[in-house]
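K.L.:
My structure file entry_4.txt, compact mmCIF, C-alpha atoms, is below:
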# COMPACT_ATOMS: atom_id res chain seq x y z
CA VAL D 1 255.80 122.56 97.60
CA ASP D 2 258.33 120.26 95.94
CA HIS D 3 261.73 121.94 96.44
CA HIS D 4 263.37 119.53 93.96
CA SER D 5 260.84 120.03 91.19
CA SER D 6 262.26 120.35 87.68
CA ASN D 7 259.41 122.74 86.89
CA PRO D 8 259.13 125.35 89.71
CA SER D 9 256.31 127.20 87.95
CA SER D 10 254.14 124.07 87.82
CA ALA D 11 254.92 123.22 91.46
CA ASP D 12 253.93 126.72 92.54
CA SER D 13 250.69 126.53 90.53
CA GLU D 14 249.70 123.34 92.33
CA SER D 15 250.51 124.84 95.72
CA ILE D 16 248.55 128.02 94.96
CA LEU D 17 245.49 126.14 93.69
CA ARG D 18 245.43 123.98 96.83
CA ALA D 19 245.65 127.06 99.05
CA VAL D 20 242.90 128.90 97.15
CA SER D 21 240.64 125.83 97.28
CA ILE D 22 241.12 125.54 101.05
CA LYS D 23 240.46 129.26 101.60
CA ARG D 24 237.29 129.22 99.51
CA HIS D 25 236.02 126.12 101.29
CA ILE D 26 236.63 127.77 104.68
CA ASP D 27 234.92 130.97 103.57
CA ALA D 28 231.90 129.01 102.32
CA THR D 29 231.48 126.85 105.42
CA CYS D 30 232.41 129.20 108.28
CA GLU D 31 229.80 131.40 109.89
CA PRO D 32 230.13 135.18 109.42
CA GLY D 33 232.10 136.77 112.23
CA SER D 34 233.95 133.58 113.13
CA ALA D 35 237.65 133.60 113.97
CA ALA D 36 239.99 134.55 111.11
CA PHE D 37 241.64 131.66 109.28
CA ALA D 38 245.37 132.13 108.66
CA CYS D 39 246.78 130.40 105.59
CA VAL D 40 250.50 129.79 105.07
CA VAL D 41 251.53 129.27 101.45
CA GLN D 42 255.01 128.26 100.32
CA VAL D 43 256.16 128.98 96.76
CA LEU D 44 259.46 128.66 94.94
CA MET D 45 259.44 131.70 92.65
CA PRO D 46 258.96 135.37 93.66
CA GLU D 47 256.41 136.05 90.92
CA SER D 48 254.18 133.29 92.28
CA LYS D 49 253.32 135.50 95.26
CA GLU D 50 251.59 137.97 92.93
CA HIS D 51 249.78 135.13 91.14
CA TYR D 52 248.32 133.96 94.46
CA LEU D 53 247.17 137.46 95.44
CA GLN D 54 245.50 137.89 92.02
CA LEU D 55 243.58 134.65 92.43
CA TYR D 56 242.62 135.31 96.03
CA ALA D 57 242.70 138.83 97.43
CA SER D 58 244.67 138.90 100.66
CA SER D 59 242.66 139.47 103.82
CA GLY D 60 245.80 140.24 105.82
CA GLU D 61 245.88 136.76 107.35
CA GLU D 62 247.89 135.02 104.62
CA GLN D 63 251.57 134.36 105.00
CA ILE D 64 253.33 133.73 101.69
CA ILE D 65 256.82 132.26 102.01
CA CYS D 66 259.00 132.38 98.92
CA VAL D 67 261.91 129.94 99.06
CA SER D 68 264.00 131.92 96.55
CA ASP D 69 263.51 135.20 98.43
CA LEU D 70 264.48 133.55 101.70
CA LYS D 71 267.54 131.92 100.15
CA TYR D 72 268.83 135.13 98.53
CA CYS D 73 268.13 137.17 101.66
CA LEU D 74 270.18 134.75 103.78
CA LEU D 75 273.02 134.79 101.24
CA ALA D 76 273.08 138.59 101.21
CA ARG D 77 272.97 138.83 105.00
CA SER D 78 275.71 136.23 105.36
CA ALA D 79 278.04 138.65 103.56
CA GLU D 80 277.43 141.12 106.40
CA CYS D 81 277.43 138.48 109.14
CA PRO D 82 279.73 135.52 108.31
CA GLY D 83 278.38 132.30 109.81
CA LEU D 84 274.73 133.35 109.60
CA LEU D 85 273.79 130.45 107.30
CA SER D 86 275.30 127.91 109.68
CA LEU D 87 273.55 129.58 112.62
CA ALA D 88 270.14 129.57 110.90
CA HIS D 89 270.59 125.96 109.73
CA ASN D 90 271.54 124.73 113.20
CA LEU D 91 268.61 126.50 114.87
CA VAL D 92 265.94 125.04 112.59
CA LYS D 93 267.35 121.50 112.39
CA SER D 94 267.16 118.91 115.17
CA THR D 95 270.58 117.47 116.03
CA GLY D 96 271.16 114.52 118.38
CA ASP D 97 274.25 113.00 119.96
CA GLU D 98 274.54 110.37 117.22
CA ASP D 99 274.54 113.06 114.53
CA LEU D 100 277.28 114.94 116.36
CA GLN D 101 279.46 111.85 116.71
CA LYS D 102 279.19 111.16 112.98
CA SER D 103 280.18 114.74 112.18
CA VAL D 104 283.53 114.51 114.01
CA PRO D 105 286.38 113.80 111.55
CA PRO D 106 288.40 110.61 112.35
CA ALA D 107 291.52 112.71 112.92
CA TYR D 108 289.85 114.28 115.98
CA HIS D 109 288.43 111.12 117.55
CA HIS D 110 291.27 110.90 120.10
CA LYS D 111 290.84 114.51 121.24
CA ILE D 112 288.10 116.88 120.17
CA PRO D 113 289.23 120.56 120.05
CA ARG D 114 287.50 123.00 122.38
CA TRP D 115 286.01 125.01 119.51
CA MET D 116 284.44 121.86 118.08
CA GLU D 117 282.92 120.98 121.46
CA ASP D 118 281.42 124.47 121.69
CA TYR D 119 280.06 124.21 118.15
CA ASP D 120 278.57 120.76 118.74
CA ASN D 121 276.98 122.00 121.95
CA GLY D 122 275.43 124.90 120.05
CA CYS D 123 274.13 122.56 117.34
CA GLN D 124 271.78 121.03 119.88
CA ASP D 125 270.01 124.38 120.43
CA GLU D 126 266.69 125.05 118.74
CA ILE D 127 264.12 127.86 118.64
CA TYR D 128 260.90 127.48 120.66
CA ARG D 129 257.87 129.59 121.51
CA ILE D 130 256.59 129.38 125.05
CA SER D 131 253.90 131.08 127.11
CA PRO D 132 255.19 134.11 129.03
CA PRO D 133 255.20 133.81 132.85
CA GLU D 134 252.98 136.42 134.49
CA VAL D 135 255.93 137.71 136.51
CA LEU D 136 257.68 138.91 133.32
CA ILE D 137 254.79 141.07 132.09
CA ASP D 138 255.54 144.81 132.38
CA ARG D 139 259.22 144.03 133.08
CA TYR D 140 262.09 145.10 130.86
CA PHE D 141 263.16 142.68 128.13
CA LEU D 142 266.90 142.81 128.88
CA ASP D 143 266.34 142.22 132.60
CA ALA D 144 264.11 139.25 131.79
CA ALA D 145 266.68 137.83 129.37
CA LYS D 146 269.42 138.08 131.99
CA VAL D 147 267.37 136.44 134.76
CA ILE D 148 266.09 133.65 132.49
CA PHE D 149 269.62 132.79 131.36
CA GLU D 150 271.00 132.83 134.88
CA ASP D 151 268.27 130.49 136.17
CA THR D 152 267.68 128.14 133.22
CA LYS D 153 270.50 128.69 130.65
CA VAL D 154 267.76 129.44 128.12
CA LEU D 155 268.27 132.41 125.78
CA LEU D 156 265.37 134.85 125.40
CA ILE D 157 265.67 136.41 121.93
CA GLY D 158 262.25 137.81 121.08
CA LEU D 159 258.55 138.36 121.70
CA CYS D 160 255.41 137.42 119.79
CA ILE D 161 252.93 140.22 120.39
CA ALA D 162 249.29 140.55 119.28
CA ILE D 163 249.31 144.31 118.84
CA ASP D 164 245.73 144.57 117.63
CA ARG D 165 244.58 141.12 118.82
CA ILE D 166 244.29 140.01 115.19
CA LYS D 167 247.69 139.48 113.60
CA PRO D 168 250.62 138.74 115.95
CA VAL D 169 253.98 140.39 115.28
CA THR D 170 257.26 138.68 116.17
CA VAL D 171 259.96 141.09 117.35
CA ILE D 172 263.53 139.76 117.58
CA MET D 173 265.87 141.42 120.08
CA PRO D 174 263.63 144.47 120.62
CA GLY D 175 266.08 146.14 123.00
CA ASP D 176 265.39 147.49 126.47
CA ILE D 177 261.61 147.77 126.18
CA PRO D 178 258.93 146.47 128.56
CA ILE D 179 257.30 143.13 127.82
CA PRO D 180 253.70 144.26 127.15
CA LYS D 181 250.56 142.51 128.35
CA GLU D 182 249.74 141.79 124.68
CA THR D 183 252.63 139.31 124.53
CA ILE D 184 251.29 135.87 123.61
CA SER D 185 254.61 133.99 123.56
CA LEU D 186 258.33 134.31 124.19
CA VAL D 187 260.85 133.28 121.54
CA VAL D 188 263.71 131.37 123.15
CA ILE D 189 266.70 129.21 122.24
CA ALA D 190 267.05 126.01 124.25
CA GLN D 191 268.44 122.50 123.83
CA SER D 192 265.01 120.86 124.25
CA LYS D 193 261.35 121.69 124.67
CA GLY D 194 261.64 120.59 128.29
CA ASP D 195 264.40 123.13 128.93
CA ALA D 196 262.31 125.84 127.24
CA ASN D 197 259.30 125.00 129.40
CA LEU D 198 261.37 125.63 132.53
CA VAL D 199 260.91 129.33 131.80
CA THR D 200 257.12 129.06 132.11
CA MET D 201 257.50 127.59 135.60
CA LEU D 202 259.92 130.18 136.94
CA GLU D 203 259.19 131.49 140.41
CA LEU D 204 261.21 134.67 140.48
CA ASP D 205 261.93 137.13 143.22
CA GLU D 206 260.32 140.27 141.81
CA SER D 207 263.11 142.37 143.29
CA ARG D 208 265.38 141.00 140.54
CA LEU D 209 263.21 142.60 137.85
CA LYS D 210 262.58 146.31 137.52
CA THR D 211 258.98 147.31 136.82
CA ALA D 212 258.58 149.43 133.70
CA THR D 213 257.50 153.05 134.01
CA PRO D 214 254.03 154.07 132.74
CA GLU D 215 255.68 156.09 129.97
CA ASP D 216 257.66 153.08 128.71
CA LEU D 217 254.61 150.83 128.96
CA TYR D 218 252.60 153.22 126.82
CA MET D 219 255.34 153.21 124.17
CA VAL D 220 254.76 149.49 123.49
CA SER D 221 251.03 149.36 124.15
CA ALA D 222 248.31 148.52 121.65
CA GLU D 223 246.72 151.90 122.45
CA ARG D 224 249.90 153.67 121.33
CA THR D 225 250.07 151.71 118.09
CA LYS D 226 246.42 152.41 117.29
CA ALA D 227 246.89 156.10 118.10
CA ASP D 228 249.86 156.31 115.73
CA ARG D 229 247.90 154.63 112.95
CA GLN D 230 244.89 156.89 113.46
CA ALA D 231 247.04 160.02 113.52
CA ALA D 232 248.83 158.95 110.33
CA LEU D 233 245.50 158.22 108.62
CA GLU D 234 244.01 161.58 109.57
CA GLU D 235 247.17 163.40 108.50
CA GLU D 236 247.03 161.58 105.14
CA GLU D 237 243.46 162.74 104.68
CA GLY D 238 244.44 166.30 105.50
CA GLY D 239 242.45 166.50 108.72
CA ASP D 240 243.59 167.79 112.09
CA SER D 241 244.30 164.79 114.28
CA PRO D 242 243.62 165.13 118.02
CA LEU D 243 246.36 162.56 118.56
CA ARG D 244 249.04 164.30 116.55
CA GLY D 245 250.76 165.67 119.60
CA VAL D 246 250.99 162.34 121.43
CA SER D 247 254.48 161.55 120.22
CA ASP D 248 256.74 162.24 117.27
CA ALA D 249 258.29 158.75 117.35
CA SER D 250 256.59 155.67 115.99
CA SER D 251 255.83 152.77 118.29
CA PRO D 252 258.67 150.24 118.70
CA LEU D 253 256.17 147.50 117.82
CA SER D 254 254.51 149.23 114.87
CA PRO D 255 254.81 147.32 111.57
CA ASP D 256 255.59 150.63 109.86
CA ARG D 257 258.37 151.56 112.26
CA GLU D 258 261.64 152.66 110.67
CA PRO D 259 264.79 150.82 111.83
CA SER D 260 266.79 152.67 114.46
CA SER D 261 270.27 152.31 115.86
CA ASN D 262 269.10 151.21 119.33
CA VAL D 263 267.22 148.13 118.10
CA ALA D 264 269.23 145.09 117.13
CA SER D 265 268.89 143.74 113.61
CA PRO D 266 267.17 140.33 113.41
CA VAL D 267 270.10 138.87 111.44
CA PHE D 268 272.48 139.46 114.34
CA ALA D 269 269.97 138.69 117.09
CA THR D 270 270.79 135.08 117.87
CA ALA D 271 274.54 135.49 117.44
CA ASN D 272 274.93 137.27 120.77
CA PRO D 273 273.90 135.97 124.21
CA PRO D 274 271.93 138.19 126.58
CA PRO D 275 273.62 140.22 129.34
CA GLY D 276 275.13 137.97 131.95
CA ALA D 277 275.80 135.08 129.58
CA PRO D 278 279.31 133.63 129.70
CA PRO D 279 281.71 134.32 126.79
CA GLY D 280 281.28 131.90 123.92
CA SER D 281 277.55 131.38 124.55
CA GLY D 282 276.62 132.75 121.12
CA LYS D 283 276.28 130.38 118.18
CA ALA D 284 277.66 132.45 115.33
Hey, can you dump this file as C-alpha cells for me?

P.N.:
Amino acid sequence: VDHHSSNPSSADSESILRAVSIKRHIDATCEPGSAAFACVVQVLMPESKEHYLQLYASSGEEQIICVSDLKYCLLARSAECPGLLSLAHNLVKSTGDEDLQKSVPPAYHHKIPRWMEDYDNGCQDEIYRISPPEVLIDRYFLDAAKVIFEDTKVLLIGLCIAIDRIKPVTVIMPGDIPIPKETISLVVIAQSKGDANLVTMLELDESRLKTATPEDLYMVSAERTKADRQAALEEEEGGDSPLRGVSDASSPLSPDREPSSNVASPVFATANPPPGAPPGSGKA
C-alpha cells in the first residue's frame, strides 16, 4: 500500500482488491485439503479491515495490518514507556557503520560520549527468527535466554509456537515457562543474521539447563490448549465437560488468555536484557 497516498481510501481499495483476487485464484486452483494459504494485507485506515472481511470472509489465515492502528498504538505505548518508538524503529531498520558515522554531530567527532557509543551499538541490532536447537526443547525460557546470551551475546526475547499446528502464535517474553516441542522458531535480537545463527549451532552442556517438570510441560502443551478450548465450548453450550476439572487457569499460550502480572508486556520486552546480561545491554 502507498503510505504517501493523498487518497488513503483509494489506496486501501486497490490493496484489498489485489488481495481478494489472489485469494480467489488460490482457492480456485488449489486442490481440496491442500496446505492453508496465509495472506497478509496492509491497509491505511481502520475501517478498511472490515471492508476486506466483507468482501472475503476470513478463514483464520489472514493477517490484516492497519498502519494507523499500529501508529496510534505505538504512540500510546510510548507514553507508558518513553523511548519505545526509537527502540521499535532501530530494531526493524538496518543500520550500518556508515549510517552511524553520519549520525554523529560534528561537535562530537573528536570524542564520542559513552552513551552515544552504547546507542550506536544498539542501533546495529535487529530482530531475527531462527530454528530452535533441540537441546533447548523442554528447557525453561529464562535459563535458555541466560545461556544463549552468555555464549553468543544474542538476546532471546520470544517464541513462535504452532499451538494447533495451523496458525503459529508469537509470544514475547513469556516468563519462566518451558520451551514446548511445538516451538517452530526462536525470536532473537542480534547484530547480524550470522550472529543469530550461532544459536542454532550451540553445543550446550545439558547440566546448565534445568529440564522442565511434567506439570509445567503440560501447562504449555497443545493438549492443554485444546482441552481448555473444549471445556470452554462445552460450558458455553451448557453441557458437563469431562475436562472441566483439569485446571482453573488458562494456558499461558492460549490466544484467549488474560494478561497476568507474571508475564512481561510485549511493549517492555525488548527494553530489558535477559538474566546475566551486563548493565546497559537493553536498547530502550

K.L.:
Tell me, in Å to one decimal, how far CA of Pro180 in chain D is from CA of Glu126 in chain D.

P.N.:
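Separation of CA of Pro180 in chain D and CA of Glu126 in chain D: 24.7 Å.
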
K.L.:
What does the distance from CA of Glu215 in chain D to CA of Glu134 in chain D come to in Å, to one decimal?

P.N.:
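CA of Glu134 in chain D lies at a distance of 20.4 Å from CA of Glu215 in chain D.
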
K.L.:
CA of Val187 in chain D and CA of Gln63 in chain D are how many Å apart?

P.N.:
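Taking CA of Val187 in chain D and CA of Gln63 in chain D, their separation equals 19.0 Å.
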
K.L.:
Fewer than 6 positions away in the same chain doesn't count, so skip those; otherwise give me all residues within 10 Å of Ala19 in chain D, counting all atoms listed in the file, as a PyMOL selection string.

P.N.:
chain D and resi 13+25+39-42+52+56+62

K.L.:
Taking the point (264.0, 123.3, 115.7) as given in the file, collect each protein or nucleic acid residue that comes within 8 Å of it, counting all atoms listed in the file, and present the set as a list in words.

P.N.:
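Neighbouring residues, ordered by chain and number, come to Leu91, Val92, Lys93, Ser94, Asp125, Glu126, Ile127 and Tyr128 of chain D.
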
K.L.:
From the list D:Asn90, D:Ala162, D:Lys153, D:Met45, which residue is nearest Asn197 in chain D when using all atoms listed in the file?

P.N.:
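Looking at the shortest contact to Asn197 in chain D, the residue is D:Lys153.
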
K.L.:
Find the residue from D:Cys30, D:Leu156, D:Val147, D:Val188 that sits nearest to Ser207 in chain D; use only C-alpha atoms when measuring.

P.N.:
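That would be D:Val147, the residue with the smallest distance to Ser207 in chain D.
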
K.L.:
When you count all atoms listed in the file, which of these residues is closest to Tyr140 in chain D: D:Leu209, D:Leu202, D:Ala196, D:Cys160?

P.N.:
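Checking each candidate against Tyr140 in chain D, we get D:Leu209 as the closest.
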
K.L.:
For the point (265.2, 144.7, 140.4) in the file's frame, write as a count of residues only all residues with an atom no more than 12 Å away, counting all atoms listed in the file.

P.N.:
17
